[in-house]
Amino acid sequence: MALIEMEQIRKSYKMADENLEVLKGISLTIEQGDYVAIMGPSGSGKSTLMHILGCLDVPSSGHYFLSGQDIAGLSESKLASIRRKQIGFVFQSFNLLAALNALENVALPLLYQGVSPGEQRERATEALNQVGLGERLHHRPSQLSGGQQQRVAIARAIVTKPPVILADEPTGNLDSHAGQEVLGIFSRLHEAGQTVIMITHDTQVAHHANRIIQILDGNIVSSQEVTHV
Amino acid sequence: MFSQTLKVSMKAIWAQKLRSLLTMLGVIIGVAAVIALISLARGATASISSKIEGLGSNLITISTTSQAPALSTSATATTPLLPPGQLTAEEALSLSNVPGVANVAPIVAGSATFAVGDTTSSAGLVGTNATYQQIMNYQLAEGRFLSPLDISSDANVAVLGSQEATTLFGAANPVNNIMTINGIPFKVVGVLAAKGSSFGQSEDDFVAIPWTVAESVLGQTNISNIYLSAKTNANMTSLTNRLNLKLLTWLGSANNYSLTTQSQILSTLSSITTTMQDVLGGIAGISLIVGGIGIMNIMLVSVTERTREIGIRKAIGASHSAILLQFLVESLTLAGLGGIIGIALGTAISDILGHALGTTTTFSVGTALLAFGFSLAVGLVFGLWPASRAAGLHPVDALRIE
């Protein structure tokens, strides 16, 4: 079985009297080690899809198998446990905690896994070294540039060694140089065997992936392999 | 995990120093009030109790409650039968024949004018006998107390309370000097050591003379009080029963006198002070609850402000219980810190008040622990709702908040 399998995922929200259907039957398969970009204009439902992929939300109907386990219908506490073990998030706006320094931000997921403080420090340092921030361990987010903050966020996503890295517009708030740096890290992670799913509306950014899935109005309209020249 | 959560909440509290202090203020004031009020109340109780116990636990006081007849120098001294409700010194002294009674001091009391040269003063005159000093636990500063011979020979001798001695004689030694009482000359034979005051009344502002002489000086033979000492403080009940029997035959009705033992006074006093402590503690407890509501208010604001933080924490795997714990620990830390500061402040306040009012204060570890425990409970109860609100936030909604 593939790492991620979605069958006929639908998601609708009650708006006043009418049902607003955001996802209208998405089916997709993502293999272990793949690097996939999900593209679509705003309002296409890609954010909702990402929430479901990241187990932040459950579909209204359909099945979503992550590492063989059906997510649909799980309780919020089960979802939290899956997020803790299986998913590493990278957000557009970094979403670091301002009161914590880089090391503490990266160690946070390990805290929730119940890892001992000594091991937390060790593994967080290692993850920050991996993204080239070994010299900035005790800097607060406000003391770091946008690109550095996003690299801290990537370190936080990989520190638990999750099967899936889920990145939502990771270069959206960055200048092109910092954006290239971040995309370079994703490529390196992918080469090392990491599964990466990236949501973007930028075609150039999407072309760093192996495969581009286009969605529009809640449906997948195309899924193409990328040929790297 | 818990110790790290504690560290995180300490950081959150430290990051907002002023707000945290204002949040804690309710609990600080509540706990400080509990500590200060109860220390003062306990101190007052202890000092009054020790004073009463200092009088001797086998002291019995009899007071007649009807008014003395108007002063008429003519007949009263020679009339043996008094109006109902009056006791004579002879009757009082006969109480020493009651089994179990050690000493009896009758008191013929009134107000008189004392003079030495040009210095005059008006104060209490106590006509009594030689056992008064021992029963009332007075020490002598100078000279001697009244002797049995002074009583039987109607000697014009006086013993001064320390305050009255200072008023009349200043720094000079009054012993063997002459003073006048209502114009009649008396020789001073002794001065009592200072005893202080109890219930706000000085115990040193009086002059003692033989009761036999006081009857003629004051023109009255009725006595207002009798002080008795029991041989032991065992069997006090049967002794008071025997005394009541005598007093009823003399005075007709229990409404005409009151008989109190030291232990009765102590138990009445302790019930009053216990009630006082409960009332004070209750009032202070209410302010603690108000402080708890303050904590809840700020915690709710804090949950709203930190919605995004909660969303981030949930996205990276924090469970419902981890968020609940974080906010509970934060409100507990606020309340606990407030409790500790409040205990320190309350102790300082009770010390300062104790010095200012000249009373002793008693710091009780039990009260401090109780106040600390209560403030933690307040933190728990009033932190629960904000914490469960934080924990119940949906991660997608929480992340959407900017």
# chains A, B, ... in the order shown; residues from 1 in each chain; ligands from 1
call {"tool": "residues_around", "arguments": {"residues": "Asp34 (chain A)", "least_positions_apart": "6", "cutoff": "8 Å", "atoms": "only C-alpha atoms", "output": "list in words"}}
result
His190, Gln194, Thr195, Val196 and Asn210 of chain A
call {"tool": "write_last_selection", "arguments": {"atoms": "N, CA and C atoms", "output": "PDB file, in the first residue's frame"}}
result
ATOM      1  N   HIS A 190      14.332  15.320  -0.024  1.00  0.00           N
ATOM      2  CA  HIS A 190      13.720  14.368  -0.947  1.00  0.00           C
ATOM      3  C   HIS A 190      14.761  13.356  -1.437  1.00  0.00           C
ATOM      4  N   GLN A 194      13.002  11.405   1.843  1.00  0.00           N
ATOM      5  CA  GLN A 194      11.875  11.977   2.580  1.00  0.00           C
ATOM      6  C   GLN A 194      10.702  12.245   1.632  1.00  0.00           C
ATOM      7  N   THR A 195       9.470  11.876   2.052  1.00  0.00           N
ATOM      8  CA  THR A 195       8.271  12.224   1.304  1.00  0.00           C
ATOM      9  C   THR A 195       7.926  13.682   1.584  1.00  0.00           C
ATOM     10  N   VAL A 196       7.759  14.489   0.517  1.00  0.00           N
ATOM     11  CA  VAL A 196       7.424  15.906   0.704  1.00  0.00           C
ATOM     12  C   VAL A 196       6.187  16.233  -0.116  1.00  0.00           C
ATOM     13  N   ASN A 210       8.525  16.320  -8.146  1.00  0.00           N
ATOM     14  CA  ASN A 210       8.511  15.257  -9.151  1.00  0.00           C
ATOM     15  C   ASN A 210       7.217  15.231  -9.930  1.00  0.00           C
TER      16      ASN A 210
END
call {"tool": "residues_around", "arguments": {"residues": "Gly40 (chain A)", "least_positions_apart": "3", "cutoff": "8 Å", "atoms": "only C-alpha atoms", "output": "JSON, numbers by chain"}}
result
{"A": [44, 45, 46, 200, 201, 214, 215, 216]}
call {"tool": "write_last_selection", "arguments": {"atoms": "all heavy atoms", "output": "PDB file, in the first residue's frame"}}
result
ATOM      1  N   SER A  44      -9.610  27.150  -4.618  1.00  0.00           N
ATOM      2  CA  SER A  44      -9.749  25.878  -5.322  1.00  0.00           C
ATOM      3  C   SER A  44      -9.949  24.713  -4.360  1.00  0.00           C
ATOM      4  O   SER A  44     -10.319  23.624  -4.773  1.00  0.00           O
ATOM      5  CB  SER A  44      -8.494  25.628  -6.167  1.00  0.00           C
ATOM      6  OG  SER A  44      -7.368  25.585  -5.313  1.00  0.00           O
ATOM      7  N   GLY A  45      -9.691  24.954  -3.080  1.00  0.00           N
ATOM      8  CA  GLY A  45      -9.839  23.885  -2.093  1.00  0.00           C
ATOM      9  C   GLY A  45      -8.523  23.267  -1.687  1.00  0.00           C
ATOM     10  O   GLY A  45      -8.495  22.293  -0.942  1.00  0.00           O
ATOM     11  N   LYS A  46      -7.400  23.877  -2.123  1.00  0.00           N
ATOM     12  CA  LYS A  46      -6.120  23.228  -1.817  1.00  0.00           C
ATOM     13  C   LYS A  46      -5.766  23.343  -0.327  1.00  0.00           C
ATOM     14  O   LYS A  46      -5.149  22.443   0.236  1.00  0.00           O
ATOM     15  CB  LYS A  46      -4.990  23.763  -2.707  1.00  0.00           C
ATOM     16  CG  LYS A  46      -4.689  25.244  -2.576  1.00  0.00           C
ATOM     17  CD  LYS A  46      -3.576  25.607  -3.564  1.00  0.00           C
ATOM     18  CE  LYS A  46      -2.960  26.966  -3.312  1.00  0.00           C
ATOM     19  NZ  LYS A  46      -3.910  28.094  -3.299  1.00  0.00           N
ATOM     20  N   THR A 200       1.273  25.037  -3.402  1.00  0.00           N
ATOM     21  CA  THR A 200       1.743  26.321  -3.927  1.00  0.00           C
ATOM     22  C   THR A 200       0.858  26.762  -5.076  1.00  0.00           C
ATOM     23  O   THR A 200       0.085  25.978  -5.624  1.00  0.00           O
ATOM     24  CB  THR A 200       3.215  26.214  -4.395  1.00  0.00           C
ATOM     25  OG1 THR A 200       3.651  27.487  -4.852  1.00  0.00           O
ATOM     26  CG2 THR A 200       3.374  25.207  -5.516  1.00  0.00           C
ATOM     27  N   HIS A 201       0.922  28.042  -5.373  1.00  0.00           N
ATOM     28  CA  HIS A 201       0.208  28.508  -6.569  1.00  0.00           C
ATOM     29  C   HIS A 201       1.235  28.987  -7.606  1.00  0.00           C
ATOM     30  O   HIS A 201       0.890  29.483  -8.656  1.00  0.00           O
ATOM     31  CB  HIS A 201      -0.764  29.639  -6.215  1.00  0.00           C
ATOM     32  CG  HIS A 201      -0.080  30.865  -5.698  1.00  0.00           C
ATOM     33  ND1 HIS A 201       0.193  31.036  -4.345  1.00  0.00           N
ATOM     34  CD2 HIS A 201       0.401  31.945  -6.319  1.00  0.00           C
ATOM     35  CE1 HIS A 201       0.814  32.177  -4.175  1.00  0.00           C
ATOM     36  NE2 HIS A 201       0.965  32.762  -5.370  1.00  0.00           N
ATOM     37  N   GLN A 214      -2.867  19.353 -10.114  1.00  0.00           N
ATOM     38  CA  GLN A 214      -3.623  20.603 -10.250  1.00  0.00           C
ATOM     39  C   GLN A 214      -5.030  20.389  -9.739  1.00  0.00           C
ATOM     40  O   GLN A 214      -5.699  19.421 -10.128  1.00  0.00           O
ATOM     41  CB  GLN A 214      -3.712  20.996 -11.742  1.00  0.00           C
ATOM     42  CG  GLN A 214      -2.406  21.311 -12.396  1.00  0.00           C
ATOM     43  CD  GLN A 214      -2.111  22.820 -12.390  1.00  0.00           C
ATOM     44  OE1 GLN A 214      -2.792  23.595 -11.709  1.00  0.00           O
ATOM     45  NE2 GLN A 214      -1.094  23.214 -13.139  1.00  0.00           N
ATOM     46  N   ILE A 215      -5.480  21.274  -8.849  1.00  0.00           N
ATOM     47  CA  ILE A 215      -6.896  21.173  -8.474  1.00  0.00           C
ATOM     48  C   ILE A 215      -7.604  22.478  -8.764  1.00  0.00           C
ATOM     49  O   ILE A 215      -7.029  23.569  -8.730  1.00  0.00           O
ATOM     50  CB  ILE A 215      -7.124  20.730  -7.005  1.00  0.00           C
ATOM     51  CG1 ILE A 215      -6.605  21.770  -6.020  1.00  0.00           C
ATOM     52  CG2 ILE A 215      -6.493  19.398  -6.721  1.00  0.00           C
ATOM     53  CD1 ILE A 215      -7.044  21.429  -4.614  1.00  0.00           C
ATOM     54  N   LEU A 216      -8.881  22.330  -9.083  1.00  0.00           N
ATOM     55  CA  LEU A 216      -9.710  23.484  -9.424  1.00  0.00           C
ATOM     56  C   LEU A 216     -11.134  23.182  -8.965  1.00  0.00           C
ATOM     57  O   LEU A 216     -11.668  22.109  -9.253  1.00  0.00           O
ATOM     58  CB  LEU A 216      -9.663  23.697 -10.946  1.00  0.00           C
ATOM     59  CG  LEU A 216     -10.286  25.005 -11.460  1.00  0.00           C
ATOM     60  CD1 LEU A 216      -9.498  26.209 -10.972  1.00  0.00           C
ATOM     61  CD2 LEU A 216     -10.331  24.983 -12.993  1.00  0.00           C
TER      62      LEU A 216
END
call {"tool": "residues_around", "arguments": {"residues": "region 241-251 of chain B", "least_positions_apart": "5", "cutoff": "12 Å", "atoms": "only C-alpha atoms", "output": "PDB file with N, CA and C atoms, in the first residue's frame"}}
result
ATOM      1  N   ILE B  60     -11.931  32.886  91.684  1.00  0.00           N
ATOM      2  CA  ILE B  60     -13.385  32.974  91.497  1.00  0.00           C
ATOM      3  C   ILE B  60     -13.795  34.408  91.804  1.00  0.00           C
ATOM      4  N   THR B  61     -14.588  35.005  90.940  1.00  0.00           N
ATOM      5  CA  THR B  61     -15.021  36.380  91.147  1.00  0.00           C
ATOM      6  C   THR B  61     -16.520  36.407  91.386  1.00  0.00           C
ATOM      7  N   ILE B  62     -16.938  37.088  92.479  1.00  0.00           N
ATOM      8  CA  ILE B  62     -18.371  37.273  92.713  1.00  0.00           C
ATOM      9  C   ILE B  62     -18.644  38.763  92.633  1.00  0.00           C
ATOM     10  N   SER B  63     -19.633  39.162  91.835  1.00  0.00           N
ATOM     11  CA  SER B  63     -19.996  40.572  91.741  1.00  0.00           C
ATOM     12  C   SER B  63     -21.463  40.710  92.059  1.00  0.00           C
ATOM     13  N   THR B  64     -21.785  41.707  92.868  1.00  0.00           N
ATOM     14  CA  THR B  64     -23.208  41.991  93.068  1.00  0.00           C
ATOM     15  C   THR B  64     -23.632  42.904  91.941  1.00  0.00           C
ATOM     16  N   THR B  65     -24.847  42.671  91.459  1.00  0.00           N
ATOM     17  CA  THR B  65     -25.243  43.397  90.264  1.00  0.00           C
ATOM     18  C   THR B  65     -26.200  44.529  90.564  1.00  0.00           C
ATOM     19  N   SER B  66     -26.767  44.595  91.815  1.00  0.00           N
ATOM     20  CA  SER B  66     -27.682  45.715  92.078  1.00  0.00           C
ATOM     21  C   SER B  66     -26.874  46.937  92.473  1.00  0.00           C
ATOM     22  N   LEU B  81     -28.645  45.138 108.702  1.00  0.00           N
ATOM     23  CA  LEU B  81     -29.337  44.522 107.562  1.00  0.00           C
ATOM     24  C   LEU B  81     -29.314  45.460 106.373  1.00  0.00           C
ATOM     25  N   LEU B  82     -28.832  44.927 105.265  1.00  0.00           N
ATOM     26  CA  LEU B  82     -28.762  45.732 104.053  1.00  0.00           C
ATOM     27  C   LEU B  82     -29.987  45.468 103.211  1.00  0.00           C
ATOM     28  N   PRO B  83     -30.312  46.379 102.284  1.00  0.00           N
ATOM     29  CA  PRO B  83     -31.408  46.088 101.355  1.00  0.00           C
ATOM     30  C   PRO B  83     -31.071  44.816 100.572  1.00  0.00           C
ATOM     31  N   PRO B  84     -32.088  44.141 100.036  1.00  0.00           N
ATOM     32  CA  PRO B  84     -31.821  42.926  99.283  1.00  0.00           C
ATOM     33  C   PRO B  84     -30.864  43.219  98.122  1.00  0.00           C
ATOM     34  N   GLY B  85     -29.958  42.282  97.851  1.00  0.00           N
ATOM     35  CA  GLY B  85     -29.013  42.486  96.746  1.00  0.00           C
ATOM     36  C   GLY B  85     -27.706  43.076  97.224  1.00  0.00           C
ATOM     37  N   GLN B  86     -27.541  43.313  98.532  1.00  0.00           N
ATOM     38  CA  GLN B  86     -26.295  43.856  99.036  1.00  0.00           C
ATOM     39  C   GLN B  86     -25.604  42.827  99.921  1.00  0.00           C
ATOM     40  N   LEU B  87     -24.281  42.826  99.830  1.00  0.00           N
ATOM     41  CA  LEU B  87     -23.502  41.922 100.675  1.00  0.00           C
ATOM     42  C   LEU B  87     -22.632  42.759 101.601  1.00  0.00           C
ATOM     43  N   THR B  88     -22.421  42.281 102.806  1.00  0.00           N
ATOM     44  CA  THR B  88     -21.482  42.948 103.702  1.00  0.00           C
ATOM     45  C   THR B  88     -20.153  42.220 103.652  1.00  0.00           C
ATOM     46  N   GLU B  91     -20.199  39.025 105.694  1.00  0.00           N
ATOM     47  CA  GLU B  91     -20.766  37.880 104.983  1.00  0.00           C
ATOM     48  C   GLU B  91     -19.725  37.312 104.013  1.00  0.00           C
ATOM     49  N   ALA B  92     -19.064  38.240 103.292  1.00  0.00           N
ATOM     50  CA  ALA B  92     -18.080  37.801 102.310  1.00  0.00           C
ATOM     51  C   ALA B  92     -16.979  36.994 102.984  1.00  0.00           C
ATOM     52  N   SER B  94     -17.087  35.329 105.651  1.00  0.00           N
ATOM     53  CA  SER B  94     -17.525  34.034 106.158  1.00  0.00           C
ATOM     54  C   SER B  94     -17.456  32.953 105.085  1.00  0.00           C
ATOM     55  N   LEU B  95     -17.311  33.382 103.821  1.00  0.00           N
ATOM     56  CA  LEU B  95     -17.181  32.391 102.745  1.00  0.00           C
ATOM     57  C   LEU B  95     -15.898  31.573 102.876  1.00  0.00           C
ATOM     58  N   SER B  96     -14.927  32.076 103.637  1.00  0.00           N
ATOM     59  CA  SER B  96     -13.691  31.314 103.795  1.00  0.00           C
ATOM     60  C   SER B  96     -13.931  30.031 104.577  1.00  0.00           C
ATOM     61  N   ASN B  97     -15.114  29.930 105.244  1.00  0.00           N
ATOM     62  CA  ASN B  97     -15.443  28.677 105.939  1.00  0.00           C
ATOM     63  C   ASN B  97     -15.993  27.623 104.989  1.00  0.00           C
ATOM     64  N   VAL B  98     -16.339  28.034 103.762  1.00  0.00           N
ATOM     65  CA  VAL B  98     -16.849  27.066 102.787  1.00  0.00           C
ATOM     66  C   VAL B  98     -15.702  26.123 102.418  1.00  0.00           C
ATOM     67  N   PRO B  99     -15.931  24.809 102.505  1.00  0.00           N
ATOM     68  CA  PRO B  99     -14.843  23.865 102.202  1.00  0.00           C
ATOM     69  C   PRO B  99     -14.286  24.084 100.789  1.00  0.00           C
ATOM     70  N   GLY B 100     -12.974  24.114 100.655  1.00  0.00           N
ATOM     71  CA  GLY B 100     -12.337  24.261  99.345  1.00  0.00           C
ATOM     72  C   GLY B 100     -11.874  25.679  99.078  1.00  0.00           C
ATOM     73  N   VAL B 101     -12.331  26.642  99.900  1.00  0.00           N
ATOM     74  CA  VAL B 101     -11.923  28.027  99.671  1.00  0.00           C
ATOM     75  C   VAL B 101     -10.611  28.281 100.409  1.00  0.00           C
ATOM     76  N   ILE B 226     -16.240  40.187  95.402  1.00  0.00           N
ATOM     77  CA  ILE B 226     -15.451  39.318  96.283  1.00  0.00           C
ATOM     78  C   ILE B 226     -14.535  38.499  95.389  1.00  0.00           C
ATOM     79  N   LEU B 228     -12.144  35.249  95.417  1.00  0.00           N
ATOM     80  CA  LEU B 228     -11.805  34.061  96.194  1.00  0.00           C
ATOM     81  C   LEU B 228     -10.772  33.254  95.434  1.00  0.00           C
ATOM     82  N   ALA B 230      -9.544  29.272  95.162  1.00  0.00           N
ATOM     83  CA  ALA B 230      -9.839  27.897  95.578  1.00  0.00           C
ATOM     84  C   ALA B 230      -8.534  27.228  95.976  1.00  0.00           C
ATOM     85  N   ASN B 235     -12.370  20.044  91.172  1.00  0.00           N
ATOM     86  CA  ASN B 235     -13.678  20.143  91.837  1.00  0.00           C
ATOM     87  C   ASN B 235     -14.219  21.561  91.876  1.00  0.00           C
ATOM     88  N   MET B 236     -13.930  22.362  90.877  1.00  0.00           N
ATOM     89  CA  MET B 236     -14.424  23.737  90.854  1.00  0.00           C
ATOM     90  C   MET B 236     -15.942  23.759  90.831  1.00  0.00           C
ATOM     91  N   ASN B 256     -29.213  38.740  91.274  1.00  0.00           N
ATOM     92  CA  ASN B 256     -28.596  39.815  92.043  1.00  0.00           C
ATOM     93  C   ASN B 256     -27.074  39.726  92.098  1.00  0.00           C
ATOM     94  N   TYR B 257     -26.517  38.684  91.548  1.00  0.00           N
ATOM     95  CA  TYR B 257     -25.050  38.563  91.587  1.00  0.00           C
ATOM     96  C   TYR B 257     -24.591  37.714  90.409  1.00  0.00           C
ATOM     97  N   SER B 258     -23.308  37.765  90.159  1.00  0.00           N
ATOM     98  CA  SER B 258     -22.756  36.836  89.175  1.00  0.00           C
ATOM     99  C   SER B 258     -21.512  36.200  89.751  1.00  0.00           C
ATOM    100  N   LEU B 259     -21.339  34.928  89.445  1.00  0.00           N
ATOM    101  CA  LEU B 259     -20.176  34.199  89.942  1.00  0.00           C
ATOM    102  C   LEU B 259     -19.454  33.627  88.735  1.00  0.00           C
ATOM    103  N   THR B 260     -18.236  34.049  88.554  1.00  0.00           N
ATOM    104  CA  THR B 260     -17.495  33.521  87.407  1.00  0.00           C
ATOM    105  C   THR B 260     -16.169  32.936  87.853  1.00  0.00           C
ATOM    106  N   THR B 261     -15.825  31.815  87.237  1.00  0.00           N
ATOM    107  CA  THR B 261     -14.499  31.234  87.474  1.00  0.00           C
ATOM    108  C   THR B 261     -13.621  31.598  86.287  1.00  0.00           C
TER     109      THR B 261
END
call {"tool": "interface_residues", "arguments": {"of": "chain A", "to": "chain B", "cutoff": "9 Å", "atoms": "only C-alpha atoms", "output": "count of residues only"}}
result
33
call {"tool": "residues_around", "arguments": {"residues": "Ala209 (chain A)", "least_positions_apart": "5", "cutoff": "9 Å", "atoms": "only C-alpha atoms", "output": "PyMOL selection string"}}
result
chain A and resi 34-37+187+196-198+225-226
call {"tool": "select_by_dssp", "arguments": {"residues": "region 121-253 of chain B", "states": "alpha helix (DSSP H)", "output": "number ranges by chain"}}
result
B: 132-135, 148-152, 162-169, 211-218, 236-251
call {"tool": "select_by_dssp", "arguments": {"residues": "region 111-340 of chain B", "states": "strand (DSSP E or B)", "output": "MDAnalysis selection string"}}
result
chainID B and resid 111:116 119:128 140:143 157:160 178:181 184:192 197:198 201:202 206:210 222 225:230 257:261
call {"tool": "decode", "arguments": {"residues": "region 94-122 of chain A", "atoms": "N, CA and C atoms", "output": "compact mmCIF listing (two decimals), in the first residue's frame"}}
result
# COMPACT_ATOMS: atom_id res chain seq x y z
N PHE A 94 5.58 30.74 8.72
CA PHE A 94 6.56 30.13 9.62
C PHE A 94 5.94 29.52 10.88
N ASN A 95 5.06 30.36 11.57
CA ASN A 95 4.39 29.86 12.78
C ASN A 95 5.35 29.34 13.84
N LEU A 96 6.39 30.14 14.11
CA LEU A 96 7.26 29.82 15.25
C LEU A 96 6.70 30.52 16.48
N LEU A 97 7.00 30.00 17.65
CA LEU A 97 6.55 30.66 18.88
C LEU A 97 7.57 31.73 19.25
N ALA A 98 7.07 32.98 19.34
CA ALA A 98 7.97 34.12 19.50
C ALA A 98 8.73 34.09 20.82
N ALA A 99 8.13 33.47 21.85
CA ALA A 99 8.76 33.49 23.17
C ALA A 99 9.90 32.47 23.28
N LEU A 100 9.98 31.55 22.32
CA LEU A 100 10.99 30.49 22.41
C LEU A 100 12.12 30.76 21.41
N ASN A 101 13.34 30.33 21.74
CA ASN A 101 14.44 30.48 20.80
C ASN A 101 14.39 29.33 19.78
N ALA A 102 15.29 29.38 18.80
CA ALA A 102 15.25 28.40 17.71
C ALA A 102 15.29 26.97 18.23
N LEU A 103 16.20 26.72 19.17
CA LEU A 103 16.35 25.37 19.70
C LEU A 103 15.07 24.89 20.38
N GLU A 104 14.45 25.79 21.19
CA GLU A 104 13.23 25.41 21.91
C GLU A 104 12.07 25.19 20.96
N ASN A 105 12.00 26.03 19.90
CA ASN A 105 10.95 25.84 18.90
C ASN A 105 11.07 24.48 18.23
N VAL A 106 12.30 24.11 17.87
CA VAL A 106 12.51 22.85 17.17
C VAL A 106 12.26 21.67 18.11
N ALA A 107 12.56 21.86 19.41
CA ALA A 107 12.41 20.75 20.36
C ALA A 107 10.95 20.50 20.74
N LEU A 108 10.08 21.49 20.45
CA LEU A 108 8.69 21.40 20.92
C LEU A 108 7.96 20.11 20.54
N PRO A 109 8.03 19.66 19.25
CA PRO A 109 7.33 18.41 18.91
C PRO A 109 7.85 17.22 19.72
N LEU A 110 9.15 17.26 20.04
CA LEU A 110 9.72 16.16 20.82
C LEU A 110 9.19 16.19 22.25
N LEU A 111 8.96 17.42 22.78
CA LEU A 111 8.36 17.56 24.12
C LEU A 111 7.01 16.84 24.14
N TYR A 112 6.20 17.05 23.07
CA TYR A 112 4.89 16.43 23.04
C TYR A 112 4.97 14.94 22.79
N GLN A 113 6.12 14.47 22.29
CA GLN A 113 6.30 13.01 22.14
C GLN A 113 6.80 12.38 23.43
N GLY A 114 7.12 13.23 24.42
CA GLY A 114 7.58 12.70 25.70
C GLY A 114 9.05 12.32 25.71
N VAL A 115 9.84 12.93 24.79
CA VAL A 115 11.28 12.66 24.74
C VAL A 115 11.96 13.40 25.89
N SER A 116 13.01 12.81 26.46
CA SER A 116 13.69 13.43 27.60
C SER A 116 14.36 14.73 27.19
N PRO A 117 14.48 15.71 28.12
CA PRO A 117 15.04 17.03 27.78
C PRO A 117 16.42 16.94 27.13
N GLY A 118 17.26 16.04 27.60
CA GLY A 118 18.60 15.92 27.04
C GLY A 118 18.56 15.50 25.58
N GLU A 119 17.72 14.50 25.29
CA GLU A 119 17.60 14.01 23.92
C GLU A 119 16.93 15.06 23.03
N GLN A 120 15.96 15.81 23.63
CA GLN A 120 15.32 16.89 22.87
C GLN A 120 16.37 17.85 22.33
N ARG A 121 17.28 18.27 23.24
CA ARG A 121 18.30 19.25 22.87
C ARG A 121 19.21 18.69 21.78
N GLU A 122 19.60 17.45 21.97
CA GLU A 122 20.52 16.80 21.04
C GLU A 122 19.91 16.71 19.64
